[in-house]
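Heads up, input.cif below (mmCIF, N, CA and C atoms):
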data_data
loop_
_atom_site.label_atom_id
_atom_site.label_comp_id
_atom_site.auth_asym_id
_atom_site.auth_seq_id
_atom_site.Cartn_x
_atom_site.Cartn_y
_atom_site.Cartn_z
N MET A 1 2.09 -25.58 2.09
CA MET A 1 2.53 -24.91 0.88
C MET A 1 1.31 -24.64 0.00
N ALA A 2 1.27 -23.46 -0.56
CA ALA A 2 0.13 -23.05 -1.39
C ALA A 2 0.18 -23.73 -2.75
N THR A 3 -1.01 -24.06 -3.23
CA THR A 3 -1.12 -24.62 -4.58
C THR A 3 -0.96 -23.49 -5.59
N GLU A 4 -0.78 -23.87 -6.84
CA GLU A 4 -0.65 -22.86 -7.89
C GLU A 4 -1.93 -22.02 -7.99
N ARG A 5 -3.10 -22.66 -7.86
CA ARG A 5 -4.37 -21.91 -7.91
C ARG A 5 -4.45 -20.93 -6.74
N GLN A 6 -4.05 -21.34 -5.55
CA GLN A 6 -4.08 -20.44 -4.40
C GLN A 6 -3.17 -19.23 -4.63
N LYS A 7 -2.01 -19.47 -5.24
CA LYS A 7 -1.10 -18.37 -5.55
C LYS A 7 -1.72 -17.42 -6.58
N ARG A 8 -2.38 -18.00 -7.58
CA ARG A 8 -3.01 -17.17 -8.61
C ARG A 8 -4.17 -16.36 -8.03
N ILE A 9 -4.92 -16.95 -7.11
CA ILE A 9 -6.00 -16.23 -6.44
C ILE A 9 -5.43 -15.07 -5.62
N ALA A 10 -4.36 -15.33 -4.89
CA ALA A 10 -3.73 -14.27 -4.09
C ALA A 10 -3.24 -13.13 -4.99
N ARG A 11 -2.61 -13.48 -6.11
CA ARG A 11 -2.13 -12.45 -7.05
C ARG A 11 -3.30 -11.68 -7.65
N ALA A 12 -4.37 -12.39 -8.00
CA ALA A 12 -5.55 -11.73 -8.59
C ALA A 12 -6.17 -10.76 -7.59
N LEU A 13 -6.25 -11.16 -6.34
CA LEU A 13 -6.82 -10.29 -5.32
C LEU A 13 -5.98 -9.02 -5.16
N THR A 14 -4.67 -9.18 -5.12
CA THR A 14 -3.78 -8.03 -5.00
C THR A 14 -3.91 -7.11 -6.21
N ALA A 15 -4.06 -7.69 -7.39
CA ALA A 15 -4.17 -6.88 -8.61
C ALA A 15 -5.53 -6.19 -8.70
N LEU A 16 -6.61 -6.89 -8.35
CA LEU A 16 -7.96 -6.34 -8.49
C LEU A 16 -8.34 -5.39 -7.36
N ILE A 17 -7.95 -5.72 -6.15
CA ILE A 17 -8.38 -4.96 -4.97
C ILE A 17 -7.18 -4.82 -4.02
N PRO A 18 -6.23 -3.98 -4.38
CA PRO A 18 -4.96 -3.93 -3.64
C PRO A 18 -5.05 -3.47 -2.19
N ARG A 19 -6.06 -2.68 -1.82
CA ARG A 19 -6.12 -2.15 -0.46
C ARG A 19 -7.22 -2.79 0.38
N ALA A 20 -7.67 -3.99 0.01
CA ALA A 20 -8.67 -4.67 0.83
C ALA A 20 -8.07 -4.95 2.20
N PRO A 21 -8.80 -4.65 3.27
CA PRO A 21 -8.30 -4.96 4.61
C PRO A 21 -8.02 -6.46 4.75
N PHE A 22 -7.06 -6.79 5.58
CA PHE A 22 -6.62 -8.18 5.71
C PHE A 22 -7.77 -9.14 5.99
N ILE A 23 -8.64 -8.80 6.94
CA ILE A 23 -9.72 -9.72 7.30
C ILE A 23 -10.68 -9.94 6.13
N ASP A 24 -10.95 -8.88 5.36
CA ASP A 24 -11.80 -9.02 4.18
C ASP A 24 -11.09 -9.80 3.09
N ALA A 25 -9.81 -9.52 2.90
CA ALA A 25 -9.03 -10.24 1.87
C ALA A 25 -8.99 -11.73 2.17
N GLU A 26 -8.83 -12.09 3.44
CA GLU A 26 -8.83 -13.51 3.81
C GLU A 26 -10.16 -14.17 3.48
N ALA A 27 -11.26 -13.50 3.79
CA ALA A 27 -12.59 -14.06 3.49
C ALA A 27 -12.80 -14.18 1.99
N ILE A 28 -12.34 -13.21 1.23
CA ILE A 28 -12.48 -13.25 -0.23
C ILE A 28 -11.65 -14.38 -0.81
N ARG A 29 -10.41 -14.52 -0.34
CA ARG A 29 -9.55 -15.62 -0.83
C ARG A 29 -10.20 -16.97 -0.53
N GLU A 30 -10.71 -17.13 0.67
CA GLU A 30 -11.35 -18.39 1.03
C GLU A 30 -12.56 -18.68 0.14
N ALA A 31 -13.38 -17.67 -0.08
CA ALA A 31 -14.56 -17.85 -0.94
C ALA A 31 -14.16 -18.16 -2.38
N ALA A 32 -13.11 -17.51 -2.87
CA ALA A 32 -12.65 -17.74 -4.25
C ALA A 32 -12.09 -19.15 -4.42
N ARG A 33 -11.64 -19.77 -3.32
CA ARG A 33 -11.12 -21.14 -3.38
C ARG A 33 -12.20 -22.19 -3.22
N ALA A 34 -13.45 -21.78 -3.01
CA ALA A 34 -14.54 -22.73 -2.78
C ALA A 34 -14.72 -23.66 -3.97
N ARG A 35 -15.22 -24.83 -3.69
CA ARG A 35 -15.38 -25.86 -4.70
C ARG A 35 -16.17 -25.37 -5.92
N HIS A 36 -17.26 -24.64 -5.70
CA HIS A 36 -18.10 -24.21 -6.83
C HIS A 36 -17.42 -23.13 -7.67
N MET A 37 -16.29 -22.61 -7.24
CA MET A 37 -15.56 -21.59 -8.00
C MET A 37 -14.40 -22.18 -8.79
N ARG A 38 -14.11 -23.43 -8.59
CA ARG A 38 -12.91 -24.05 -9.20
C ARG A 38 -12.89 -24.01 -10.72
N SER A 39 -14.07 -24.02 -11.34
CA SER A 39 -14.10 -24.02 -12.80
C SER A 39 -13.86 -22.63 -13.39
N LEU A 40 -13.85 -21.62 -12.55
CA LEU A 40 -13.66 -20.24 -13.01
C LEU A 40 -12.19 -19.86 -12.98
N PRO A 41 -11.80 -18.96 -13.87
CA PRO A 41 -10.44 -18.42 -13.77
C PRO A 41 -10.29 -17.71 -12.42
N PRO A 42 -9.11 -17.72 -11.84
CA PRO A 42 -8.91 -17.09 -10.53
C PRO A 42 -9.39 -15.64 -10.47
N GLU A 43 -9.17 -14.87 -11.53
CA GLU A 43 -9.58 -13.47 -11.54
C GLU A 43 -11.09 -13.34 -11.41
N ARG A 44 -11.83 -14.17 -12.10
CA ARG A 44 -13.30 -14.12 -12.03
C ARG A 44 -13.77 -14.62 -10.67
N ALA A 45 -13.16 -15.66 -10.16
CA ALA A 45 -13.54 -16.18 -8.84
C ALA A 45 -13.31 -15.12 -7.77
N VAL A 46 -12.19 -14.41 -7.84
CA VAL A 46 -11.89 -13.36 -6.88
C VAL A 46 -12.91 -12.23 -7.00
N TRP A 47 -13.22 -11.83 -8.22
CA TRP A 47 -14.17 -10.73 -8.42
C TRP A 47 -15.55 -11.10 -7.85
N LEU A 48 -16.04 -12.28 -8.18
CA LEU A 48 -17.34 -12.69 -7.68
C LEU A 48 -17.34 -12.83 -6.17
N ALA A 49 -16.28 -13.39 -5.62
CA ALA A 49 -16.18 -13.53 -4.17
C ALA A 49 -16.11 -12.16 -3.50
N ALA A 50 -15.37 -11.23 -4.09
CA ALA A 50 -15.24 -9.90 -3.51
C ALA A 50 -16.58 -9.16 -3.52
N VAL A 51 -17.27 -9.19 -4.64
CA VAL A 51 -18.55 -8.49 -4.73
C VAL A 51 -19.56 -9.10 -3.76
N ALA A 52 -19.62 -10.42 -3.70
CA ALA A 52 -20.54 -11.07 -2.77
C ALA A 52 -20.18 -10.73 -1.32
N HIS A 53 -18.90 -10.76 -1.01
CA HIS A 53 -18.46 -10.44 0.35
C HIS A 53 -18.86 -9.01 0.72
N ILE A 54 -18.59 -8.09 -0.16
CA ILE A 54 -18.92 -6.69 0.10
C ILE A 54 -20.43 -6.54 0.30
N ARG A 55 -21.22 -7.15 -0.58
CA ARG A 55 -22.67 -7.05 -0.45
C ARG A 55 -23.15 -7.53 0.91
N HIS A 56 -22.66 -8.68 1.32
CA HIS A 56 -23.17 -9.30 2.54
C HIS A 56 -22.59 -8.70 3.82
N VAL A 57 -21.38 -8.17 3.77
CA VAL A 57 -20.71 -7.71 4.98
C VAL A 57 -20.72 -6.18 5.11
N HIS A 58 -20.67 -5.48 3.99
CA HIS A 58 -20.48 -4.02 4.05
C HIS A 58 -21.66 -3.21 3.51
N THR A 59 -22.78 -3.84 3.21
CA THR A 59 -23.97 -3.12 2.74
C THR A 59 -25.21 -3.65 3.45
N ASP A 60 -26.34 -3.07 3.13
CA ASP A 60 -27.62 -3.49 3.69
C ASP A 60 -28.30 -4.59 2.85
N TYR A 61 -27.55 -5.26 2.01
CA TYR A 61 -28.11 -6.26 1.10
C TYR A 61 -28.94 -7.32 1.84
N ASP A 62 -28.39 -7.90 2.88
CA ASP A 62 -29.12 -8.95 3.59
C ASP A 62 -30.40 -8.41 4.24
N GLU A 63 -30.34 -7.21 4.77
CA GLU A 63 -31.52 -6.61 5.37
C GLU A 63 -32.60 -6.38 4.32
N LEU A 64 -32.19 -5.92 3.14
CA LEU A 64 -33.15 -5.73 2.05
C LEU A 64 -33.79 -7.06 1.65
N MET A 65 -32.98 -8.09 1.56
CA MET A 65 -33.52 -9.42 1.23
C MET A 65 -34.49 -9.88 2.32
N ASP A 66 -34.12 -9.65 3.57
CA ASP A 66 -35.01 -10.02 4.68
C ASP A 66 -36.31 -9.23 4.66
N ASP A 67 -36.26 -8.01 4.12
CA ASP A 67 -37.46 -7.17 4.03
C ASP A 67 -38.33 -7.53 2.83
N GLY A 68 -37.92 -8.51 2.04
CA GLY A 68 -38.74 -8.98 0.94
C GLY A 68 -38.35 -8.51 -0.44
N TYR A 69 -37.27 -7.75 -0.54
CA TYR A 69 -36.80 -7.35 -1.87
C TYR A 69 -36.23 -8.56 -2.59
N ASP A 70 -36.43 -8.61 -3.92
CA ASP A 70 -35.81 -9.70 -4.65
C ASP A 70 -34.33 -9.37 -4.87
N LYS A 71 -33.59 -10.35 -5.34
CA LYS A 71 -32.13 -10.22 -5.48
C LYS A 71 -31.74 -9.03 -6.36
N ASP A 72 -32.43 -8.86 -7.49
CA ASP A 72 -32.07 -7.76 -8.40
C ASP A 72 -32.33 -6.40 -7.76
N ALA A 73 -33.45 -6.25 -7.07
CA ALA A 73 -33.76 -4.98 -6.42
C ALA A 73 -32.76 -4.69 -5.31
N ALA A 74 -32.46 -5.69 -4.51
CA ALA A 74 -31.51 -5.50 -3.41
C ALA A 74 -30.14 -5.12 -3.98
N ARG A 75 -29.72 -5.76 -5.05
CA ARG A 75 -28.43 -5.43 -5.67
C ARG A 75 -28.44 -4.00 -6.21
N PHE A 76 -29.55 -3.60 -6.78
CA PHE A 76 -29.66 -2.24 -7.29
C PHE A 76 -29.48 -1.22 -6.15
N PHE A 77 -30.15 -1.46 -5.05
CA PHE A 77 -30.11 -0.50 -3.95
C PHE A 77 -28.76 -0.45 -3.22
N VAL A 78 -27.95 -1.48 -3.33
CA VAL A 78 -26.63 -1.45 -2.68
C VAL A 78 -25.49 -1.21 -3.66
N LEU A 79 -25.83 -0.94 -4.90
CA LEU A 79 -24.80 -0.73 -5.93
C LEU A 79 -23.82 0.38 -5.55
N ASP A 80 -24.33 1.53 -5.16
CA ASP A 80 -23.44 2.65 -4.83
C ASP A 80 -22.57 2.33 -3.62
N ASP A 81 -23.16 1.68 -2.61
CA ASP A 81 -22.38 1.30 -1.43
C ASP A 81 -21.30 0.29 -1.78
N THR A 82 -21.64 -0.66 -2.65
CA THR A 82 -20.67 -1.66 -3.09
C THR A 82 -19.51 -0.99 -3.81
N ASN A 83 -19.83 -0.09 -4.73
CA ASN A 83 -18.78 0.61 -5.47
C ASN A 83 -17.96 1.52 -4.56
N ALA A 84 -18.57 2.08 -3.53
CA ALA A 84 -17.83 2.92 -2.58
C ALA A 84 -16.78 2.09 -1.84
N VAL A 85 -17.15 0.88 -1.45
CA VAL A 85 -16.19 0.00 -0.79
C VAL A 85 -15.08 -0.37 -1.77
N LEU A 86 -15.47 -0.72 -2.99
CA LEU A 86 -14.46 -1.05 -4.01
C LEU A 86 -13.51 0.13 -4.22
N ASP A 87 -14.05 1.34 -4.27
CA ASP A 87 -13.20 2.54 -4.40
C ASP A 87 -12.22 2.64 -3.25
N GLY A 88 -12.73 2.47 -2.04
CA GLY A 88 -11.89 2.58 -0.86
C GLY A 88 -10.78 1.54 -0.83
N TRP A 89 -11.05 0.42 -1.45
CA TRP A 89 -10.06 -0.66 -1.49
C TRP A 89 -9.17 -0.60 -2.73
N GLY A 90 -9.31 0.46 -3.53
CA GLY A 90 -8.46 0.63 -4.69
C GLY A 90 -8.76 -0.33 -5.83
N ALA A 91 -10.02 -0.71 -5.96
CA ALA A 91 -10.39 -1.69 -7.00
C ALA A 91 -10.11 -1.16 -8.39
N THR A 92 -9.76 -2.07 -9.27
CA THR A 92 -9.47 -1.71 -10.66
C THR A 92 -10.72 -1.77 -11.53
N ARG A 93 -11.84 -2.20 -10.96
CA ARG A 93 -13.11 -2.21 -11.70
C ARG A 93 -14.24 -2.00 -10.70
N HIS A 94 -15.43 -1.72 -11.25
CA HIS A 94 -16.61 -1.47 -10.43
C HIS A 94 -17.81 -2.15 -11.05
N LEU A 95 -18.87 -2.22 -10.29
CA LEU A 95 -20.13 -2.72 -10.82
C LEU A 95 -20.78 -1.61 -11.62
N ALA A 96 -21.28 -1.94 -12.80
CA ALA A 96 -21.94 -0.95 -13.64
C ALA A 96 -23.43 -0.88 -13.29
N PRO A 97 -24.00 0.33 -13.25
CA PRO A 97 -25.41 0.46 -12.87
C PRO A 97 -26.36 -0.29 -13.81
N ASP A 98 -26.02 -0.39 -15.07
CA ASP A 98 -26.91 -1.06 -16.02
C ASP A 98 -26.60 -2.56 -16.13
N ALA A 99 -25.71 -3.05 -15.30
CA ALA A 99 -25.35 -4.47 -15.35
C ALA A 99 -25.23 -5.01 -13.93
N ILE A 100 -26.33 -4.97 -13.20
CA ILE A 100 -26.32 -5.45 -11.82
C ILE A 100 -25.84 -6.90 -11.78
N ASP A 101 -26.32 -7.72 -12.71
CA ASP A 101 -25.86 -9.10 -12.81
C ASP A 101 -24.87 -9.18 -13.95
N GLU A 102 -23.63 -8.85 -13.66
CA GLU A 102 -22.61 -8.81 -14.70
C GLU A 102 -22.24 -10.18 -15.23
N GLU A 103 -22.52 -11.21 -14.47
CA GLU A 103 -22.13 -12.56 -14.85
C GLU A 103 -23.38 -13.44 -14.91
N PRO A 104 -24.22 -13.30 -15.95
CA PRO A 104 -25.41 -14.14 -16.02
C PRO A 104 -25.06 -15.61 -15.92
N GLY A 105 -25.84 -16.31 -15.13
CA GLY A 105 -25.60 -17.73 -14.94
C GLY A 105 -24.65 -18.03 -13.80
N LEU A 106 -23.97 -17.01 -13.28
CA LEU A 106 -23.04 -17.22 -12.19
C LEU A 106 -23.56 -16.61 -10.89
N ASN A 107 -24.79 -16.18 -10.88
CA ASN A 107 -25.33 -15.52 -9.69
C ASN A 107 -25.29 -16.44 -8.49
N GLU A 108 -25.55 -17.71 -8.69
CA GLU A 108 -25.50 -18.63 -7.56
C GLU A 108 -24.09 -18.71 -7.00
N ALA A 109 -23.10 -18.74 -7.88
CA ALA A 109 -21.71 -18.75 -7.42
C ALA A 109 -21.41 -17.46 -6.68
N ASP A 110 -21.93 -16.35 -7.16
CA ASP A 110 -21.72 -15.06 -6.52
C ASP A 110 -22.25 -15.07 -5.10
N ASP A 111 -23.48 -15.47 -4.91
CA ASP A 111 -24.05 -15.47 -3.57
C ASP A 111 -23.45 -16.56 -2.70
N ASP A 112 -23.18 -17.72 -3.28
CA ASP A 112 -22.60 -18.80 -2.49
C ASP A 112 -21.20 -18.47 -2.01
N ALA A 113 -20.51 -17.60 -2.74
CA ALA A 113 -19.14 -17.26 -2.37
C ALA A 113 -19.09 -16.69 -0.96
N SER A 114 -20.05 -15.86 -0.62
CA SER A 114 -20.00 -15.27 0.71
C SER A 114 -20.57 -16.21 1.76
N ASP A 115 -21.37 -17.17 1.36
CA ASP A 115 -21.96 -18.09 2.33
C ASP A 115 -20.91 -19.02 2.93
N SER A 116 -19.79 -19.19 2.23
CA SER A 116 -18.77 -20.11 2.74
C SER A 116 -17.87 -19.42 3.76
N GLY A 117 -18.00 -18.11 3.93
CA GLY A 117 -17.10 -17.42 4.85
C GLY A 117 -17.76 -16.89 6.07
#
Using structure tokens, write down the structure that the file contains.
Amino acid sequence: MATERQKRIARALTALIPRAPFIDAEAIREAARARHMRSLPPERAVWLAAVAHIRHVHTDYDELMDDGYDKDAARFFVLDDTNAVLDGWGATRHLAPDAIDEEPGLNEADDDASDSG
């Protein structure tokens, strides 16, 4: 049986990204339930998990990091690709070009979210 937090995460995912493919949605839900995300509201945990998942799975982010780009530069270069995936999934929000790190202080949670999946 799902916990109340798990239910809230599932509802947040459906509300924020209604057309995410099942396999991606499962990975995002799992990342949003990670221990380091527990202190965040479900909506924020889902958003951070979704953005991290998209960066690592659906863009060249990891390749850019492997090529020596720093985190901010790599995020800048995959911004359009990330937003394109969000568009395709019917997202209710997008990453803003002037706010690559929309959640200062939560960047570690953002990157760690995808590492758990």
Q: Measure the distance from atom N of Phe22 (chain A) to atom C of Asp87 (chain A) in Å and round it to one decimal.
A: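 Separating atom N of Phe22 (chain A) from atom C of Asp87 (chain A) is a distance of 13.9 Å.
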Kindly list the centre and edge lengths in Å, rounded to one decimal, for the axis-aligned box that covers all listed atoms of region 71-87 of chain A plus 3 Å on each of its six sides, as lines of an AutoDock Vina configuration file.
center_x = -23.0
center_y = -3.7
center_z = -4.6
size_x = 27.5
size_y = 19.3
size_z = 13.6
Q.
I want to know what sits within 7 Å of Arg8 (chain A), based on only N, CA and C atoms, with residues of the same chain fewer than 4 positions away left out; could you give that as number ranges by chain?
A. A: 3-4, 12-13, 42-43
Q) What would the list of residues within 8 Å of (-10.0, -5.5, -10.1) (file frame) look like as a PyMOL selection string, if all atoms listed in the file are what count? A) chain A and resi 12-18+46-47+90-94
Q.
Measuring between all atoms listed in the file, which one of A:Met1, A:Val85, A:Ala34, A:Ile9 shows the shortest distance to His58 (chain A)?
A. A:Val85
I'd like the neighbourhood of Tyr61 (chain A) as a PDB file with N, CA and C atoms, in the coordinates of the input, where a residue qualifies if any of its atoms comes within 8 Å (using all atoms listed in the file), though same-chain residues fewer than 5 positions away should be ignored.
ATOM      1  N   ILE A  54     -18.590  -8.090  -0.160  1.00  0.00           N
ATOM      2  CA  ILE A  54     -18.920  -6.690   0.100  1.00  0.00           C
ATOM      3  C   ILE A  54     -20.430  -6.540   0.300  1.00  0.00           C
ATOM      4  N   ARG A  55     -21.220  -7.150  -0.580  1.00  0.00           N
ATOM      5  CA  ARG A  55     -22.670  -7.050  -0.450  1.00  0.00           C
ATOM      6  C   ARG A  55     -23.150  -7.530   0.910  1.00  0.00           C
ATOM      7  N   HIS A  56     -22.660  -8.680   1.320  1.00  0.00           N
ATOM      8  CA  HIS A  56     -23.170  -9.300   2.540  1.00  0.00           C
ATOM      9  C   HIS A  56     -22.590  -8.700   3.820  1.00  0.00           C
ATOM     10  N   ASP A  66     -34.120  -9.650   3.570  1.00  0.00           N
ATOM     11  CA  ASP A  66     -35.010 -10.020   4.680  1.00  0.00           C
ATOM     12  C   ASP A  66     -36.310  -9.230   4.660  1.00  0.00           C
ATOM     13  N   ASP A  67     -36.260  -8.010   4.120  1.00  0.00           N
ATOM     14  CA  ASP A  67     -37.460  -7.170   4.030  1.00  0.00           C
ATOM     15  C   ASP A  67     -38.330  -7.530   2.830  1.00  0.00           C
ATOM     16  N   ALA A  74     -32.460  -5.690  -4.510  1.00  0.00           N
ATOM     17  CA  ALA A  74     -31.510  -5.500  -3.410  1.00  0.00           C
ATOM     18  C   ALA A  74     -30.140  -5.120  -3.980  1.00  0.00           C
ATOM     19  N   ARG A  75     -29.720  -5.760  -5.050  1.00  0.00           N
ATOM     20  CA  ARG A  75     -28.430  -5.430  -5.670  1.00  0.00           C
ATOM     21  C   ARG A  75     -28.440  -4.000  -6.210  1.00  0.00           C
ATOM     22  N   PHE A  77     -30.150  -1.460  -5.050  1.00  0.00           N
ATOM     23  CA  PHE A  77     -30.110  -0.500  -3.950  1.00  0.00           C
ATOM     24  C   PHE A  77     -28.760  -0.450  -3.220  1.00  0.00           C
ATOM     25  N   VAL A  78     -27.950  -1.480  -3.330  1.00  0.00           N
ATOM     26  CA  VAL A  78     -26.630  -1.450  -2.680  1.00  0.00           C
ATOM     27  C   VAL A  78     -25.490  -1.210  -3.660  1.00  0.00           C
TER      28      VAL A  78
END
Q. By how many Å are atom N of Pro41 (chain A) and atom N of Leu86 (chain A) apart?
A.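 Value for the atom N of Pro41 (chain A)-atom N of Leu86 (chain A) distance: 21.6 Å.
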Q) Using only N, CA and C atoms, which of A:Asp62, A:Gly68, A:Ile28, A:Arg33 sits nearest Ala50 (chain A)? A)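 Between A:Asp62, A:Gly68, A:Ile28, A:Arg33, the residue approaching Ala50 (chain A) most closely is A:Ile28.
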Q) Which residue out of A:Ala27, A:Leu40, A:Ala20, A:Ala73 has the minimum interatomic distance to His53 (chain A) when all atoms listed in the file are used? A) A:Ala27
**Q.** One-decimal distance in Å that lies between CA of Thr82 (chain A) and CA of Val57 (chain A)
**A.**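 One can read the CA of Val57 (chain A) to CA of Thr82 (chain A) distance as 10.1 Å.
Distances from A:Arg44, A:Asp98, A:Glu63, A:Ala49 to Arg29 (chain A) were compared using only C-alpha atoms, and the smallest one belongs to A:Ala49.
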Q) Which one is closest to Ser39 (chain A): A:Arg5, A:Tyr69, A:Ala52, A:Leu64? Count only C-alpha atoms. A) A:Arg5
Please return region 67-75 of chain A, rebuilt to all heavy atoms, as a PDB file, in the frame of the given file.
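The resulting file, selection15.pdb, is reproduced below:
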ATOM      1  N   ASP A  67     -36.260  -8.010   4.120  1.00  0.00           N
ATOM      2  CA  ASP A  67     -37.460  -7.170   4.030  1.00  0.00           C
ATOM      3  C   ASP A  67     -38.330  -7.530   2.830  1.00  0.00           C
ATOM      4  O   ASP A  67     -39.351  -6.882   2.603  1.00  0.00           O
ATOM      5  CB  ASP A  67     -37.077  -5.696   3.955  1.00  0.00           C
ATOM      6  CG  ASP A  67     -36.567  -5.154   5.281  1.00  0.00           C
ATOM      7  OD1 ASP A  67     -36.792  -5.803   6.329  1.00  0.00           O
ATOM      8  OD2 ASP A  67     -35.947  -4.069   5.267  1.00  0.00           O
ATOM      9  N   GLY A  68     -37.920  -8.510   2.040  1.00  0.00           N
ATOM     10  CA  GLY A  68     -38.740  -8.980   0.940  1.00  0.00           C
ATOM     11  C   GLY A  68     -38.350  -8.510  -0.440  1.00  0.00           C
ATOM     12  O   GLY A  68     -39.023  -8.832  -1.418  1.00  0.00           O
ATOM     13  N   TYR A  69     -37.270  -7.750  -0.540  1.00  0.00           N
ATOM     14  CA  TYR A  69     -36.800  -7.350  -1.870  1.00  0.00           C
ATOM     15  C   TYR A  69     -36.230  -8.560  -2.590  1.00  0.00           C
ATOM     16  O   TYR A  69     -35.635  -9.427  -1.961  1.00  0.00           O
ATOM     17  CB  TYR A  69     -35.712  -6.277  -1.769  1.00  0.00           C
ATOM     18  CG  TYR A  69     -36.229  -4.920  -1.361  1.00  0.00           C
ATOM     19  CD1 TYR A  69     -36.357  -4.590  -0.015  1.00  0.00           C
ATOM     20  CD2 TYR A  69     -36.588  -3.988  -2.319  1.00  0.00           C
ATOM     21  CE1 TYR A  69     -36.835  -3.344   0.363  1.00  0.00           C
ATOM     22  CE2 TYR A  69     -37.063  -2.738  -1.948  1.00  0.00           C
ATOM     23  CZ  TYR A  69     -37.189  -2.425  -0.603  1.00  0.00           C
ATOM     24  OH  TYR A  69     -37.658  -1.211  -0.232  1.00  0.00           O
ATOM     25  N   ASP A  70     -36.430  -8.610  -3.920  1.00  0.00           N
ATOM     26  CA  ASP A  70     -35.810  -9.700  -4.650  1.00  0.00           C
ATOM     27  C   ASP A  70     -34.330  -9.370  -4.870  1.00  0.00           C
ATOM     28  O   ASP A  70     -33.868  -8.264  -4.584  1.00  0.00           O
ATOM     29  CB  ASP A  70     -36.534  -9.996  -5.966  1.00  0.00           C
ATOM     30  CG  ASP A  70     -36.428  -8.892  -7.012  1.00  0.00           C
ATOM     31  OD1 ASP A  70     -35.498  -8.058  -6.955  1.00  0.00           O
ATOM     32  OD2 ASP A  70     -37.280  -8.859  -7.911  1.00  0.00           O
ATOM     33  N   LYS A  71     -33.590 -10.350  -5.340  1.00  0.00           N
ATOM     34  CA  LYS A  71     -32.130 -10.220  -5.480  1.00  0.00           C
ATOM     35  C   LYS A  71     -31.740  -9.030  -6.360  1.00  0.00           C
ATOM     36  O   LYS A  71     -30.848  -8.265  -6.002  1.00  0.00           O
ATOM     37  CB  LYS A  71     -31.583 -11.522  -6.081  1.00  0.00           C
ATOM     38  CG  LYS A  71     -30.084 -11.618  -6.064  1.00  0.00           C
ATOM     39  CD  LYS A  71     -29.588 -12.883  -6.729  1.00  0.00           C
ATOM     40  CE  LYS A  71     -30.061 -14.110  -6.005  1.00  0.00           C
ATOM     41  NZ  LYS A  71     -29.427 -15.343  -6.523  1.00  0.00           N
ATOM     42  N   ASP A  72     -32.430  -8.860  -7.490  1.00  0.00           N
ATOM     43  CA  ASP A  72     -32.070  -7.760  -8.400  1.00  0.00           C
ATOM     44  C   ASP A  72     -32.330  -6.400  -7.760  1.00  0.00           C
ATOM     45  O   ASP A  72     -31.509  -5.486  -7.891  1.00  0.00           O
ATOM     46  CB  ASP A  72     -32.848  -7.877  -9.710  1.00  0.00           C
ATOM     47  CG  ASP A  72     -32.398  -9.055 -10.557  1.00  0.00           C
ATOM     48  OD1 ASP A  72     -31.243  -9.493 -10.395  1.00  0.00           O
ATOM     49  OD2 ASP A  72     -33.202  -9.537 -11.376  1.00  0.00           O
ATOM     50  N   ALA A  73     -33.450  -6.250  -7.070  1.00  0.00           N
ATOM     51  CA  ALA A  73     -33.760  -4.980  -6.420  1.00  0.00           C
ATOM     52  C   ALA A  73     -32.760  -4.690  -5.310  1.00  0.00           C
ATOM     53  O   ALA A  73     -32.250  -3.569  -5.192  1.00  0.00           O
ATOM     54  CB  ALA A  73     -35.184  -4.990  -5.867  1.00  0.00           C
ATOM     55  N   ALA A  74     -32.460  -5.690  -4.510  1.00  0.00           N
ATOM     56  CA  ALA A  74     -31.510  -5.500  -3.410  1.00  0.00           C
ATOM     57  C   ALA A  74     -30.140  -5.120  -3.980  1.00  0.00           C
ATOM     58  O   ALA A  74     -29.473  -4.209  -3.455  1.00  0.00           O
ATOM     59  CB  ALA A  74     -31.405  -6.762  -2.561  1.00  0.00           C
ATOM     60  N   ARG A  75     -29.720  -5.760  -5.050  1.00  0.00           N
ATOM     61  CA  ARG A  75     -28.430  -5.430  -5.670  1.00  0.00           C
ATOM     62  C   ARG A  75     -28.440  -4.000  -6.210  1.00  0.00           C
ATOM     63  O   ARG A  75     -27.443  -3.293  -6.093  1.00  0.00           O
ATOM     64  CB  ARG A  75     -28.112  -6.417  -6.783  1.00  0.00           C
ATOM     65  CG  ARG A  75     -27.742  -7.772  -6.253  1.00  0.00           C
ATOM     66  CD  ARG A  75     -27.492  -8.758  -7.354  1.00  0.00           C
ATOM     67  NE  ARG A  75     -27.096 -10.029  -6.781  1.00  0.00           N
ATOM     68  CZ  ARG A  75     -26.613 -11.028  -7.488  1.00  0.00           C
ATOM     69  NH1 ARG A  75     -26.480 -10.922  -8.792  1.00  0.00           N
ATOM     70  NH2 ARG A  75     -26.262 -12.147  -6.887  1.00  0.00           N
TER      71      ARG A  75
END
